[in-house]
2 protein chains.
Amino acid sequence: MVAKIRRYQSPDEYPFTSPLPEPILPPLDYPPLLHPKQNINVNKQLYDAYLKIVLPKITQSLPDKGELRENYGSSALCDVECLQSLSRRIHFGKFVAEVKFRQDQEYLTDLIISRDRKGLEEAITDTEVERRVLERLRAKAEAYGRDPWGEDGVGNGVIKQKVDVAAVVEVYQHVVIPLTKQVEVDYLLARLD
Amino acid sequence: MVAKIRRYQSPDEYPFTSPLPEPILPPLDYPPLLHPKQNINVNKQLYDAYLKIVLPKITQSLPDKGELRENYGSSALCDVECLQSLSRRIHFGKFVAEVKFRQDQEYLTDLIISRDRKGLEEAITDTEVERRVLERLRAKAEAYGRDPWGEDGVGNGVIKQKVDVAAVVEVYQHVVIPLTKQVEVDYLLARLD
């Protein structure tokens, strides 16, 4: 359904599979913000990282039997939603890189021409911004990952944290931020093609 | 996809459309908690209420043109998610009604036999519980409907409420609670078939 309502024609949505079914809606005219020759999609890497890094942090390993199986369907839907949200967030790196390129075109052009991947990564990295992203994420995981009404059902209970805030922050540190930077560098390397 | 991974075979998921595609996964053995003869589905009414009551509370009426069209795809996905979540919540009424039936079988059986819809509605209504549901909902809409990090991007800004808390509470008052009670009464009326 997601493909059929032309979600993957939007410049901020990237599919994990191909080929896609044809949309049932007519195409839209999106403003051409990105370089037309780039074709970056890191969903394969994101999918691997989701299996190897994200899931072990947020799930328990349990035997494949009985009532647990009743949850496979809803788990699969949650996986799809998570993967698609992470993918969208990570590929926003293209727009960030485009803005950085326009702001500092001369210096970045030199790095691109000399294929200086390390120099490009340094040029796009702002550790203060990364620190703030993680702090903001922590605040959100805390606020959204608990029932503000408390556990006793009448509004006086202890408010328990239901989401592992440290795991969420680590996913950003070890998966989302590195992949976003990779998208930015890949985008810049393709920016003059 | 939702039907294909057998979501609508789960006793807490109700489809809005039919016929459904066959699941690609084998069926599960769910414990038989509900009366086997009941077949209640109020999704048609929920869909009408969503269009007439919910959407006017949470959206603006804007001209159908230009950049707005770029949001139709993601809006449609949000609509589906909202409708399915509300439907699940409302049809939980069947399980609530089953528990109430087992707790007070004699009295409810009399009301069912005499088809006393009003009496059944009174029997299942607990205004104190309803009040607490709305208070808890208000607390959740407040906590989840704002950016806890503030608007200035560095963690010192004013925290603005982004979701209209009163609208969320009204949706529960005028749509979710009445439809849940209707499901409970309809379920009880079918309970002895």
# chains A, B, ... in the order shown; residues from 1 in each chain; ligands from 1
call {"tool": "closest_atom_pairs", "arguments": {"of": "chain A", "to": "chain B", "cutoff": "10 Å", "atoms": "only C-alpha atoms", "output": "CSV"}}
result
residue,atom,partner,partner_atom,distance
A:Met1,CA,B:Met1,CA,7.5
A:Val2,CA,B:Leu77,CA,7.7
A:Ala3,CA,B:Gly73,CA,9.6
A:Lys4,CA,B:Gly73,CA,9.4
A:Ile5,CA,B:Gly73,CA,5.8
A:Arg6,CA,B:Gly73,CA,6.9
A:Arg7,CA,B:Gly73,CA,6.1
A:Tyr8,CA,B:Gly73,CA,9.8
A:Ser10,CA,B:Glu70,CA,7.9
A:Leu25,CA,B:Gly73,CA,9.2
A:Pro27,CA,B:Glu70,CA,9.7
A:Leu28,CA,B:Glu70,CA,6.9
A:Asp29,CA,B:Glu70,CA,8.5
A:Tyr30,CA,B:Glu70,CA,7.7
A:Pro31,CA,B:Glu67,CA,9.4
A:Gly66,CA,B:Asp29,CA,9.0
A:Glu67,CA,B:Tyr30,CA,8.3
A:Arg69,CA,B:Leu28,CA,7.8
A:Glu70,CA,B:Leu28,CA,6.9
A:Asn71,CA,B:Ser10,CA,9.6
A:Tyr72,CA,B:Ile5,CA,8.7
A:Gly73,CA,B:Ile5,CA,5.8
A:Ser74,CA,B:Arg7,CA,7.4
A:Ala76,CA,B:Ile5,CA,8.5
A:Leu77,CA,B:Val2,CA,7.7
A:Val129,CA,B:Val154,CA,9.1
A:Arg132,CA,B:Val154,CA,6.5
A:Val133,CA,B:Gly153,CA,8.8
A:Glu135,CA,B:Gly155,CA,8.2
A:Arg136,CA,B:Trp149,CA,5.7
A:Leu137,CA,B:Trp149,CA,8.5
A:Arg138,CA,B:Trp149,CA,9.2
A:Ala139,CA,B:Pro148,CA,6.1
A:Lys140,CA,B:Pro148,CA,6.1
A:Ala141,CA,B:Pro148,CA,9.5
A:Glu142,CA,B:Pro148,CA,8.9
A:Ala143,CA,B:Ala143,CA,6.7
A:Tyr144,CA,B:Tyr144,CA,5.5
A:Gly145,CA,B:Tyr144,CA,9.0
A:Arg146,CA,B:Ala143,CA,9.2
A:Asp147,CA,B:Lys140,CA,7.0
A:Pro148,CA,B:Lys140,CA,6.1
A:Trp149,CA,B:Arg136,CA,5.7
A:Gly150,CA,B:Arg136,CA,9.0
A:Gly153,CA,B:Arg132,CA,8.0
A:Val154,CA,B:Arg132,CA,6.5
A:Gly155,CA,B:Arg136,CA,7.1
call {"tool": "residues_around", "arguments": {"residues": "Ile58 (chain A)", "least_positions_apart": "5", "cutoff": "10 Å", "atoms": "only C-alpha atoms", "output": "number ranges by chain"}}
result
A: 53, 163-164, 167-168, 171
call {"tool": "write_last_selection", "arguments": {"atoms": "all heavy atoms", "output": "mmCIF file, in the first residue's frame"}}
result
data_model
loop_
_atom_site.group_PDB
_atom_site.id
_atom_site.type_symbol
_atom_site.label_atom_id
_atom_site.label_comp_id
_atom_site.auth_asym_id
_atom_site.auth_seq_id
_atom_site.Cartn_x
_atom_site.Cartn_y
_atom_site.Cartn_z
ATOM 1 N N ILE A 53 22.437 -4.733 15.642
ATOM 2 C CA ILE A 53 22.707 -3.764 16.723
ATOM 3 C C ILE A 53 21.416 -3.351 17.439
ATOM 4 O O ILE A 53 21.348 -3.379 18.662
ATOM 5 C CB ILE A 53 23.441 -2.513 16.173
ATOM 6 C CG1 ILE A 53 24.736 -2.949 15.463
ATOM 7 C CG2 ILE A 53 23.738 -1.523 17.297
ATOM 8 C CD1 ILE A 53 25.470 -1.817 14.764
ATOM 9 N N VAL A 163 10.728 2.535 28.378
ATOM 10 C CA VAL A 163 11.672 2.420 27.265
ATOM 11 C C VAL A 163 13.086 2.615 27.810
ATOM 12 O O VAL A 163 13.322 3.473 28.649
ATOM 13 C CB VAL A 163 11.347 3.485 26.193
ATOM 14 C CG1 VAL A 163 12.483 3.631 25.198
ATOM 15 C CG2 VAL A 163 10.053 3.131 25.487
ATOM 16 N N ASP A 164 14.019 1.783 27.350
ATOM 17 C CA ASP A 164 15.419 1.869 27.779
ATOM 18 C C ASP A 164 16.078 3.069 27.076
ATOM 19 O O ASP A 164 16.464 2.995 25.912
ATOM 20 C CB ASP A 164 16.117 0.558 27.404
ATOM 21 C CG ASP A 164 17.575 0.537 27.837
ATOM 22 O OD1 ASP A 164 18.132 1.605 28.166
ATOM 23 O OD2 ASP A 164 18.159 -0.562 27.832
ATOM 24 N N ALA A 167 19.545 2.666 25.563
ATOM 25 C CA ALA A 167 19.556 1.898 24.303
ATOM 26 C C ALA A 167 19.188 2.800 23.127
ATOM 27 O O ALA A 167 19.805 2.717 22.057
ATOM 28 C CB ALA A 167 18.580 0.725 24.397
ATOM 29 N N VAL A 168 18.206 3.672 23.333
ATOM 30 C CA VAL A 168 17.790 4.576 22.251
ATOM 31 C C VAL A 168 18.942 5.505 21.872
ATOM 32 O O VAL A 168 19.247 5.706 20.689
ATOM 33 C CB VAL A 168 16.549 5.398 22.684
ATOM 34 C CG1 VAL A 168 16.193 6.438 21.624
ATOM 35 C CG2 VAL A 168 15.358 4.476 22.940
ATOM 36 N N VAL A 171 21.594 3.609 19.938
ATOM 37 C CA VAL A 171 21.204 3.358 18.543
ATOM 38 C C VAL A 171 21.530 4.578 17.678
ATOM 39 O O VAL A 171 22.020 4.450 16.556
ATOM 40 C CB VAL A 171 19.703 2.998 18.453
ATOM 41 C CG1 VAL A 171 19.188 3.104 17.022
ATOM 42 C CG2 VAL A 171 19.461 1.597 19.010
#
call {"tool": "select_by_dssp", "arguments": {"residues": "chain B", "states": "alpha helix (DSSP H)", "output": "PyMOL selection string"}}
result
chain B and resi 43-49+55-58+72-91+93-103+105-113+117-124+127-144+165-171+177-190
call {"tool": "closest_residue", "arguments": {"among": "B:Leu33, B:Ala49, B:Val185, B:Ile177", "to": "Arg131 (chain B)", "atoms": "only C-alpha atoms"}}
result
B:Ile177
call {"tool": "residues_around", "arguments": {"residues": "Asn43 (chain A)", "least_positions_apart": "4", "cutoff": "8 Å", "atoms": "only C-alpha atoms", "output": "PyMOL selection string"}}
result
chain A and resi 14-16+47+87
call {"tool": "residues_around", "arguments": {"residues": "Ala97 (chain A)", "least_positions_apart": "4", "cutoff": "7 Å", "atoms": "only C-alpha atoms", "output": "number ranges by chain"}}
result
A: 93, 101, 184, 187-188
call {"tool": "residues_around", "arguments": {"residues": "Arg115 (chain B)", "least_positions_apart": "2", "cutoff": "12 Å", "atoms": "only C-alpha atoms", "output": "list of chain:residue names"}}
result
B:Leu108, B:Thr109, B:Asp110, B:Leu111, B:Ile112, B:Ile113, B:Arg117, B:Lys118, B:Gly119, B:Leu120, B:Glu121, B:Val185, B:Asp186, B:Leu188, B:Leu189, B:Ala190, B:Arg191, B:Leu192
call {"tool": "residues_around", "arguments": {"residues": "Phe92 (chain A)", "least_positions_apart": "3", "cutoff": "9 Å", "atoms": "only C-alpha atoms", "output": "NGL selection string"}}
result
:A and (12 or 87-89 or 95-97 or 180 or 183-184)
